[in-house]
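Source file: structure_38.cif (mmCIF, C-alpha atoms)
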```
data_data
loop_
_atom_site.label_atom_id
_atom_site.label_comp_id
_atom_site.auth_asym_id
_atom_site.auth_seq_id
_atom_site.Cartn_x
_atom_site.Cartn_y
_atom_site.Cartn_z
CA MET A 601 0.00 0.00 0.00
CA SER A 602 1.39 3.45 -0.92
CA THR A 603 2.05 6.12 1.64
CA ASP A 604 -0.67 8.33 0.11
CA SER A 605 -3.20 5.49 0.28
CA HIS A 606 -2.31 4.74 3.90
CA ALA A 607 -2.64 8.41 4.79
CA ALA A 608 -6.04 8.52 3.11
CA ASP A 609 -7.19 5.49 5.09
CA MET A 610 -6.01 7.07 8.33
CA LEU A 611 -7.79 10.31 7.45
CA LEU A 612 -11.01 8.47 6.64
CA ALA A 613 -10.81 6.52 9.91
CA ALA A 614 -10.25 9.76 11.79
CA CYS A 615 -13.26 11.36 10.05
CA ALA A 616 -15.39 8.32 10.86
CA ALA A 617 -14.31 8.39 14.49
CA LYS A 618 -14.94 12.14 14.69
CA THR A 619 -18.38 11.80 13.13
CA ARG A 620 -19.31 8.92 15.46
CA HIS A 621 -18.00 10.84 18.42
CA ALA A 622 -20.00 13.94 17.40
CA HIS A 623 -23.28 12.04 17.20
CA ARG A 624 -22.69 9.73 20.15
CA ARG A 625 -20.96 10.75 23.36
CA MET A 626 -17.80 8.74 23.83
CA ALA A 627 -14.76 8.89 26.06
CA TYR A 628 -11.68 6.72 26.26
CA ALA A 629 -8.71 5.84 28.42
CA ARG A 630 -5.50 3.79 28.25
CA LEU A 631 -4.71 1.29 30.97
CA ASN A 632 -1.42 -0.24 32.06
CA ALA A 633 -0.88 -3.92 32.72
CA ASP A 634 -1.61 -3.29 36.41
CA LEU A 635 -4.99 -1.86 35.34
CA THR A 636 -4.22 1.69 36.38
CA ILE A 637 -5.33 4.61 34.22
CA GLN A 638 -2.44 6.20 32.31
CA GLN A 639 -4.15 8.41 29.78
CA VAL A 640 -7.71 9.70 29.29
CA SER A 641 -9.71 11.80 26.86
CA ALA A 642 -10.63 15.33 27.87
CA ASN A 643 -14.25 14.39 28.58
CA PHE A 644 -13.52 11.16 30.46
CA ALA A 645 -13.70 12.54 33.98
CA ALA A 646 -17.02 14.28 33.35
CA MET A 647 -18.64 11.40 31.50
CA ALA A 648 -17.50 8.20 33.16
CA PRO A 649 -17.17 8.54 36.94
CA ALA A 650 -20.18 8.58 39.21
CA ALA A 651 -19.24 12.12 40.25
CA PRO A 652 -17.38 14.49 37.93
CA GLN A 653 -13.83 15.13 39.03
CA PRO A 654 -10.77 16.77 37.47
CA GLN A 655 -8.97 14.75 34.83
CA ALA A 656 -5.76 14.68 36.86
CA ASP A 657 -7.52 12.98 39.75
CA VAL A 658 -8.23 9.84 37.75
CA LEU A 659 -4.73 9.36 36.32
CA HIS A 660 -2.66 6.58 37.84
CA GLN A 661 -5.68 5.39 39.80
CA PRO A 662 -6.79 1.74 39.66
CA LEU A 663 -9.64 1.39 37.19
CA SER A 664 -11.92 -0.25 39.77
CA ASP A 665 -11.46 2.78 42.08
CA VAL A 666 -12.65 5.15 39.36
CA LEU A 667 -15.35 2.94 37.83
CA TRP A 668 -16.99 0.71 40.43
CA GLU A 669 -18.47 -1.43 37.66
CA PHE A 670 -15.03 -3.03 37.17
CA VAL A 671 -14.73 -4.27 40.74
CA GLY A 672 -14.04 -8.01 40.49
CA ALA A 673 -13.23 -7.84 36.76
CA ASP A 674 -9.43 -8.01 37.09
CA GLU A 675 -9.17 -11.60 35.85
CA ALA A 676 -11.26 -10.90 32.75
CA LEU A 677 -9.19 -7.79 31.96
CA HIS A 678 -5.91 -9.70 32.36
CA ASP A 679 -7.28 -12.22 29.84
CA VAL A 680 -7.73 -9.37 27.37
CA TRP A 681 -4.20 -8.14 28.11
CA ALA A 682 -2.81 -11.62 27.45
CA ARG A 683 -4.99 -11.87 24.29
CA ARG A 684 -6.82 -14.87 25.70
CA ALA A 685 -10.01 -12.91 25.14
CA PRO A 686 -10.70 -10.46 22.30
CA PHE A 687 -12.45 -7.90 24.55
CA PHE A 688 -14.37 -7.33 27.75
CA ARG A 689 -17.68 -5.46 27.75
CA LEU A 690 -20.24 -4.16 30.19
CA GLU A 691 -23.38 -3.10 28.35
CA HIS A 692 -26.08 -0.59 29.23
CA VAL A 693 -24.81 0.32 32.71
CA ASN A 694 -27.18 2.93 34.14
CA ARG A 695 -25.83 5.99 35.90
CA GLU A 696 -27.79 8.77 37.52
CA GLN A 697 -26.60 12.21 36.41
CA ARG A 698 -26.28 15.28 38.56
CA ASP A 699 -29.61 16.61 37.21
CA GLY A 700 -31.35 13.39 38.28
CA SER A 701 -31.66 11.97 34.78
CA LEU A 702 -30.62 8.40 34.06
CA HIS A 703 -28.01 7.68 31.38
CA TYR A 704 -26.78 4.36 30.04
CA LEU A 705 -23.10 3.66 29.32
CA THR A 706 -21.36 0.75 27.63
CA PHE A 707 -17.76 0.00 28.69
CA SER A 708 -15.54 -1.91 26.25
CA VAL A 709 -11.90 -2.90 26.86
CA TYR A 710 -9.56 -3.97 24.01
CA ARG A 711 -5.83 -4.79 23.76
CA LEU A 712 -4.04 -2.07 21.80
CA GLU A 713 -2.52 -3.38 18.60
CA PRO A 714 1.31 -3.36 18.31
CA ASP A 715 1.24 -1.13 15.21
CA SER A 716 -0.65 1.55 17.10
CA GLY A 717 2.54 2.72 18.72
CA LEU A 718 0.93 2.40 22.16
CA ASP A 719 0.96 -0.39 24.70
CA GLY A 720 -1.81 -1.26 27.11
CA LEU A 721 -5.55 -1.65 27.13
CA LEU A 722 -7.98 0.70 25.42
CA LEU A 723 -11.12 1.50 27.41
CA LEU A 724 -14.02 2.95 25.41
CA VAL A 725 -16.93 4.54 27.25
CA GLU A 726 -19.94 5.00 24.98
CA ASP A 727 -23.16 6.80 25.89
CA ASP A 728 -25.99 4.65 24.52
CA THR A 729 -28.74 6.27 26.56
CA ASP A 730 -31.28 6.21 23.74
CA TYR A 731 -30.76 2.52 23.17
CA GLY A 732 -30.56 1.81 26.91
CA ARG A 733 -33.79 3.59 27.64
CA LEU A 734 -35.50 1.80 24.79
CA HIS A 735 -34.07 -1.53 25.95
CA HIS A 736 -35.13 -0.83 29.54
CA GLN A 737 -38.63 0.12 28.38
CA LEU A 738 -38.87 -3.02 26.27
CA VAL A 739 -37.80 -5.17 29.23
CA GLN A 740 -40.29 -3.39 31.46
CA ASP A 741 -43.05 -3.77 28.88
CA ARG A 742 -42.18 -7.43 28.43
CA ASN A 743 -42.28 -8.00 32.20
CA GLU A 744 -45.59 -6.18 32.46
CA LEU A 745 -46.89 -8.24 29.55
CA ARG A 746 -45.84 -11.43 31.32
CA LEU A 747 -47.55 -10.20 34.47
CA VAL A 748 -50.72 -9.38 32.55
CA GLN A 749 -50.54 -12.74 30.79
CA GLY A 750 -50.22 -14.44 34.17
CA GLN A 751 -53.16 -12.47 35.54
CA LEU A 752 -55.16 -13.23 32.41
CA ALA A 753 -54.35 -16.92 32.69
CA ALA A 754 -55.42 -16.88 36.34
CA ALA A 755 -58.59 -14.97 35.43
CA ASN A 756 -59.36 -17.42 32.64
CA LYS A 757 -58.81 -20.31 35.04
CA GLU A 758 -61.15 -18.71 37.55
CA LEU A 759 -63.74 -17.98 34.84
CA THR A 760 -63.53 -21.60 33.74
CA ARG A 761 -64.03 -22.72 37.33
CA ILE A 762 -66.97 -20.35 37.80
CA ASP A 763 -68.50 -21.43 34.50
CA ARG A 764 -68.13 -25.07 35.52
CA MET A 765 -69.61 -24.35 38.93
CA LYS A 766 -72.50 -22.41 37.40
CA SER A 767 -73.24 -25.34 35.12
CA LEU A 768 -73.19 -27.58 38.17
CA PHE A 769 -75.39 -25.10 40.01
CA LEU A 770 -77.93 -25.09 37.19
CA SER A 771 -78.16 -28.86 37.24
CA MET A 772 -78.50 -28.89 41.02
CA ALA A 773 -81.00 -26.02 40.98
CA ALA A 774 -83.05 -27.95 38.42
CA HIS A 775 -83.11 -30.89 40.86
CA ASP A 776 -84.14 -28.61 43.74
CA LEU A 777 -86.90 -27.08 41.62
CA ARG A 778 -88.09 -30.47 40.42
CA THR A 779 -88.64 -31.80 43.96
CA PRO A 780 -91.48 -29.44 44.99
CA LEU A 781 -92.80 -29.42 41.44
CA SER A 782 -93.13 -33.20 41.50
CA ALA A 783 -95.02 -33.02 44.80
CA ILE A 784 -97.36 -30.36 43.41
CA GLN A 785 -97.98 -32.38 40.28
CA GLY A 786 -98.53 -35.64 42.19
CA TYR A 787 -101.04 -34.32 44.70
CA ALA A 788 -102.85 -32.27 42.06
CA GLU A 789 -103.26 -35.43 39.97
CA MET A 790 -104.65 -37.30 42.99
CA LEU A 791 -107.22 -34.55 43.48
CA LEU A 792 -108.16 -34.67 39.81
CA LEU A 793 -108.52 -38.45 39.95
CA GLY A 794 -110.92 -38.11 42.87
CA ILE A 795 -108.75 -40.07 45.29
CA ALA A 796 -109.80 -37.58 47.92
CA GLU A 797 -113.39 -36.37 48.09
CA PRO A 798 -113.78 -32.60 47.51
CA GLY A 799 -114.01 -30.86 50.86
CA SER A 800 -112.72 -33.89 52.77
CA PRO A 801 -109.86 -33.64 55.31
CA LYS A 802 -107.62 -35.59 52.92
CA ALA A 803 -108.37 -33.15 50.09
CA PHE A 804 -107.49 -30.22 52.35
CA GLN A 805 -104.30 -32.05 53.32
CA TYR A 806 -103.36 -32.43 49.66
CA LEU A 807 -104.12 -28.76 49.00
CA ASP A 808 -102.04 -27.78 52.02
CA ILE A 809 -99.09 -29.77 50.65
CA ILE A 810 -99.51 -28.18 47.22
CA GLN A 811 -99.53 -24.75 48.85
CA GLN A 812 -96.40 -25.52 50.89
CA GLN A 813 -94.51 -26.88 47.91
CA SER A 814 -95.59 -23.93 45.78
CA ALA A 815 -94.14 -21.61 48.43
CA ARG A 816 -90.93 -23.70 48.45
CA LEU A 817 -90.74 -23.53 44.67
CA ASN A 818 -91.24 -19.78 44.73
CA GLN A 819 -88.50 -19.44 47.37
CA LEU A 820 -86.01 -21.34 45.21
CA ILE A 821 -86.79 -19.14 42.23
CA ASP A 822 -86.39 -16.02 44.38
CA ASP A 823 -82.97 -17.29 45.52
CA ILE A 824 -81.85 -17.60 41.90
CA VAL A 825 -83.16 -14.13 41.07
CA ASP A 826 -81.50 -12.66 44.16
CA LEU A 827 -78.18 -14.27 43.24
CA ASP A 828 -78.24 -12.50 39.88
CA LEU A 829 -79.08 -9.18 41.56
CA ILE A 830 -76.33 -9.67 44.18
CA GLU A 831 -73.72 -10.35 41.47
CA GLN A 832 -74.82 -7.16 39.69
CA GLY A 833 -74.88 -5.12 42.91
CA LYS A 834 -78.57 -4.31 42.38
CA LEU A 835 -80.29 -6.11 45.24
CA THR A 836 -82.70 -3.68 46.95
CA LEU A 837 -83.84 -4.00 50.56
CA ASN A 838 -87.27 -2.55 51.42
CA LEU A 839 -86.87 -1.80 55.11
CA THR A 840 -89.79 -1.80 57.53
CA PRO A 841 -90.24 -2.83 61.17
CA CYS A 842 -90.65 -6.61 61.11
CA ASP A 843 -91.14 -9.18 63.86
CA ILE A 844 -88.75 -12.12 63.65
CA ASN A 845 -90.93 -14.68 65.44
CA PRO A 846 -93.74 -15.02 62.86
CA LEU A 847 -91.11 -15.27 60.10
CA LEU A 848 -89.44 -18.21 61.86
CA GLN A 849 -92.79 -19.96 62.26
CA GLU A 850 -93.74 -19.34 58.64
CA ALA A 851 -90.39 -20.65 57.40
CA SER A 852 -90.72 -23.89 59.33
CA SER A 853 -94.37 -24.39 58.27
CA ALA A 854 -93.23 -24.36 54.63
CA TYR A 855 -91.52 -27.70 55.32
CA LYS A 856 -94.48 -29.29 57.07
CA PHE A 857 -94.78 -32.03 54.46
CA GLN A 858 -91.09 -33.08 54.69
CA LEU A 859 -91.08 -32.74 58.49
CA GLU A 860 -94.10 -35.02 58.91
CA ARG A 861 -92.96 -37.54 56.31
CA ARG A 862 -89.57 -37.96 58.00
CA SER A 863 -90.78 -37.56 61.59
CA ILE A 864 -88.63 -34.50 62.25
CA THR A 865 -89.72 -32.46 65.25
CA VAL A 866 -89.51 -28.66 65.43
CA HIS A 867 -89.21 -27.08 68.89
CA TYR A 868 -89.97 -23.38 69.28
CA ASN A 869 -88.18 -21.45 72.01
CA LEU A 870 -89.19 -17.98 70.92
CA ALA A 871 -89.25 -14.83 73.01
CA PRO A 872 -92.77 -14.04 74.28
CA GLU A 873 -92.47 -10.45 73.17
CA PRO A 874 -92.04 -9.32 69.52
CA ILE A 875 -88.42 -9.30 68.32
CA THR A 876 -88.56 -6.35 65.94
CA ILE A 877 -85.75 -5.49 63.55
CA TRP A 878 -85.54 -2.85 60.84
CA GLY A 879 -85.42 -5.14 57.86
CA ASP A 880 -86.84 -6.52 54.67
CA ALA A 881 -89.37 -9.11 55.83
CA GLU A 882 -89.35 -10.97 52.51
CA LYS A 883 -85.55 -11.24 52.46
CA MET A 884 -85.38 -12.32 56.11
CA LEU A 885 -88.06 -14.94 55.46
CA ARG A 886 -85.83 -16.27 52.69
CA VAL A 887 -82.93 -16.45 55.18
CA PHE A 888 -85.02 -18.57 57.53
CA TYR A 889 -86.34 -20.72 54.67
CA ASN A 890 -82.76 -21.56 53.74
CA LEU A 891 -81.61 -22.27 57.30
CA VAL A 892 -84.57 -24.52 58.13
CA GLY A 893 -84.48 -26.14 54.69
CA ASN A 894 -80.77 -26.83 55.05
CA ALA A 895 -81.36 -28.55 58.39
CA VAL A 896 -84.22 -30.64 56.97
CA LYS A 897 -82.26 -31.61 53.87
CA TYR A 898 -79.28 -33.18 55.64
CA MET A 899 -80.99 -34.56 58.73
CA ALA A 900 -81.91 -38.19 59.20
CA SER A 901 -85.45 -39.22 60.05
CA GLN A 902 -86.69 -38.57 63.59
CA GLY A 903 -84.31 -35.67 64.03
CA GLN A 904 -84.96 -32.41 65.82
CA ILE A 905 -84.77 -28.73 64.90
CA THR A 906 -84.88 -26.00 67.56
CA LEU A 907 -85.73 -22.39 66.73
CA ARG A 908 -84.83 -19.73 69.32
CA SER A 909 -85.15 -15.96 69.52
CA GLN A 910 -84.25 -13.38 72.15
CA GLN A 911 -83.18 -9.78 72.66
CA GLN A 912 -79.78 -8.99 74.11
CA ASP A 913 -77.67 -5.81 74.20
CA GLY A 914 -79.69 -4.10 71.48
CA GLN A 915 -79.58 -7.09 69.18
CA ALA A 916 -82.00 -9.72 68.01
CA ILE A 917 -80.42 -13.14 68.44
CA ILE A 918 -81.85 -15.98 66.36
CA GLU A 919 -80.67 -19.59 66.56
CA VAL A 920 -81.46 -22.49 64.25
CA GLU A 921 -80.08 -25.67 65.77
CA ASP A 922 -80.37 -29.22 64.43
CA THR A 923 -79.36 -32.76 65.34
CA GLY A 924 -77.98 -33.46 61.88
CA PRO A 925 -74.62 -34.94 60.86
CA GLY A 926 -72.60 -31.85 61.79
CA MET A 927 -69.63 -30.43 59.88
CA THR A 928 -65.84 -30.61 59.88
CA ALA A 929 -63.56 -27.58 60.35
CA GLU A 930 -62.86 -27.54 56.61
CA GLN A 931 -66.57 -27.52 55.80
CA LEU A 932 -67.14 -24.66 58.24
CA ASP A 933 -64.34 -22.61 56.64
CA ASN A 934 -65.94 -22.90 53.20
CA LEU A 935 -69.59 -23.00 54.23
CA PHE A 936 -70.67 -19.60 52.90
CA ILE A 937 -68.72 -19.69 49.63
CA LEU A 938 -70.97 -19.53 46.60
CA TYR A 939 -71.60 -22.96 45.01
CA TYR A 940 -69.49 -24.69 47.68
CA ARG A 941 -70.36 -28.28 48.51
CA SER A 942 -67.96 -30.44 50.46
CA GLU A 943 -66.62 -33.62 48.90
CA ASP A 944 -68.59 -35.80 51.33
CA VAL A 945 -71.83 -33.98 50.60
CA ALA A 946 -71.20 -33.94 46.86
CA LYS A 947 -70.90 -37.74 46.90
CA SER A 948 -74.02 -38.17 49.01
CA PRO A 949 -77.52 -38.68 47.58
CA VAL A 950 -78.55 -35.31 49.04
CA LYS A 951 -78.68 -32.76 46.23
CA GLY A 952 -78.13 -29.04 46.59
CA SER A 953 -76.94 -25.98 44.70
CA GLY A 954 -74.45 -24.52 47.20
CA LEU A 955 -76.48 -21.31 46.97
CA GLY A 956 -78.67 -21.15 50.08
CA LEU A 957 -76.04 -20.33 52.72
CA PHE A 958 -74.37 -17.77 50.45
CA ILE A 959 -77.78 -16.06 50.24
CA VAL A 960 -78.10 -16.30 54.04
CA LYS A 961 -74.77 -14.61 54.74
CA THR A 962 -75.28 -11.93 52.09
CA MET A 963 -78.78 -11.05 53.34
CA VAL A 964 -77.80 -10.99 57.02
CA GLU A 965 -74.78 -8.76 56.37
CA ALA A 966 -76.94 -6.48 54.22
CA HIS A 967 -79.06 -5.97 57.36
CA GLN A 968 -75.88 -4.99 59.28
CA GLY A 969 -75.92 -8.35 61.02
CA GLN A 970 -73.64 -11.33 61.51
CA VAL A 971 -74.06 -15.06 61.11
CA GLN A 972 -71.99 -17.62 63.03
CA VAL A 973 -71.94 -21.41 62.93
CA THR A 974 -70.83 -23.93 65.53
CA SER A 975 -70.71 -27.59 64.57
CA GLN A 976 -68.84 -30.83 65.04
CA PRO A 977 -69.16 -34.10 63.11
CA GLY A 978 -71.94 -36.23 64.57
CA GLN A 979 -73.12 -33.49 66.94
CA GLY A 980 -75.36 -31.35 64.78
CA SER A 981 -75.04 -27.69 63.84
CA LYS A 982 -76.18 -24.35 65.25
CA PHE A 983 -76.55 -21.19 63.16
CA THR A 984 -76.64 -17.96 65.20
CA LEU A 985 -77.82 -14.70 63.66
CA ARG A 986 -77.25 -11.33 65.33
CA LEU A 987 -79.23 -8.41 63.94
CA PRO A 988 -79.66 -4.84 65.26
CA LEU A 989 -83.06 -4.20 66.82
CA HIS A 990 -85.48 -1.74 65.25
CA GLN A 991 -84.48 1.92 65.44
CA SER A 992 -86.34 4.99 64.21
CA ASP A 993 -84.74 5.10 60.73
CA SER A 994 -86.72 4.03 57.66
CA GLY A 995 -86.34 3.74 53.95
CA GLU A 996 -84.88 1.68 51.18
CA ILE A 997 -81.25 0.70 50.68
CA LEU A 998 -79.42 -0.77 47.73
CA LEU A 999 -77.12 -3.71 48.49
CA GLN A 1000 -73.86 -3.18 46.61
#
```
Would you put the structure from the file into structure tokens?
Amino acid sequence: MSTDSHAADMLLAACAAKTRHAHRRMAYARLNADLTIQQVSANFAAMAPAAPQPQADVLHQPLSDVLWEFVGADEALHDVWARRAPFFRLEHVNREQRDGSLHYLTFSVYRLEPDSGLDGLLLLVEDDTDYGRLHHQLVQDRNELRLVQGQLAAANKELTRIDRMKSLFLSMAAHDLRTPLSAIQGYAEMLLLGIAEPGSPKAFQYLDIIQQQSARLNQLIDDIVDLDLIEQGKLTLNLTPCDINPLLQEASSAYKFQLERRSITVHYNLAPEPITIWGDAEKMLRVFYNLVGNAVKYMASQGQITLRSQQQDGQAIIEVEDTGPGMTAEQLDNLFILYYRSEDVAKSPVKGSGLGLFIVKTMVEAHQGQVQVTSQPGQGSKFTLRLPLHQSDSGEILLQ
């Protein structure tokens, strides 16, 4: 290569380096074999260290004292010096500037070539803030995307579970609806066939059963409607002074047919005076329907249900106690979860929707009350409701 050609190449390289340097901040330094700084560019001290310092203060200092990023990198740098490695690089190192902004630097270390006329290592410090910020944003976006994907997967899993449970609920609700409907249909057919003489005691008994089962059927339908309103936050309570005692008696009378058929006894231990709360009588009647119905459903023949009411410390206290199979601690923990049915109950011939006790808890809490359960396997269950007694307020509230 001629001298003129070599000079032209050197000039072009210098122009390229100058242009790159003009459009991208860059500093450089030369290191000795002991990794101390021997020579730096004019802008090195301002650009590279964590805190700007005069250029003279960085000369002859160990590299790791000036740039903390190189702490522990001595072995890798000695490999570059011995040409066992072509270079050493730290990419996109973030540094906070004096104005609070965040810049990104890339440090590259090369062995100086013999024909350069210099000996040592060449350290290049390049400001790649634009790329670093973009890379950081991409990483952040990717992490957020993964988080959203995880949340979406969890939501889809939960939706699948809810959809499966709703399908199960519909099949169970259909069974619950079919039971009173079958009784209504059966006794109506017996009346039509003249099995019982019109006006006879037996005919009135059949009509009484039809009326009870119609009320039970209507209660189940109301539960389903209320569930939809609860999920939409649109369930309205029409509040009036209402006496608890007649509601308890009405709820138990709705199960007269099942109680008599299975020889289940209901004991009333109700306060002699009215127990008046400020509530929605229809909704509270549904609460008692569900509690009594739940006791009847799981109890063996010749069992016993006790209904109690009293006033205490400004509260109405209502208890529904049974001599049924009782519940485990796990069943108690999950008792009021929508659609919940324990594994033992799910395998039993007793059918249910897992809806009734969810309705109970929701309705009681909407009346500013509490519901508690005590139970042990083989020792029955007791549901205790605590509701504030009637005050002077009145009106209508929306259950959110």
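Note that CA of Ser853 (chain A) and CA of Gln910 (chain A) are 20.4 Å apart.
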When distances are computed from all atoms listed in the file, which of A:Val693, A:Leu891, A:Leu955, A:Met626 shows the smallest separation from Leu724 (chain A)?
A:Met626
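In terms of minimum interatomic distance to Leu663 (chain A), A:Leu635 ranks closest within A:Lys982, A:Ile809, A:Tyr889, A:Leu635, counting all atoms listed in the file.
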When the PyMOL selection byres ((chain A and resi 966) around 12) is applied to the file above, which residues end up in the set, as a PyMOL selection string?
chain A and resi 830+833+835-839+878-880+883-884+887+959-965+967-971+987-988+996-1000
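The spacing separating CA of Gly980 (chain A) from CA of Met927 (chain A) amounts to 7.6 Å.
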The PyMOL selection byres ((chain A and resi 708-723) around 9) on the file shown: which residues, as a PyMOL selection string?
chain A and resi 627-633+635+677+680-683+686-691+706-707+724-726
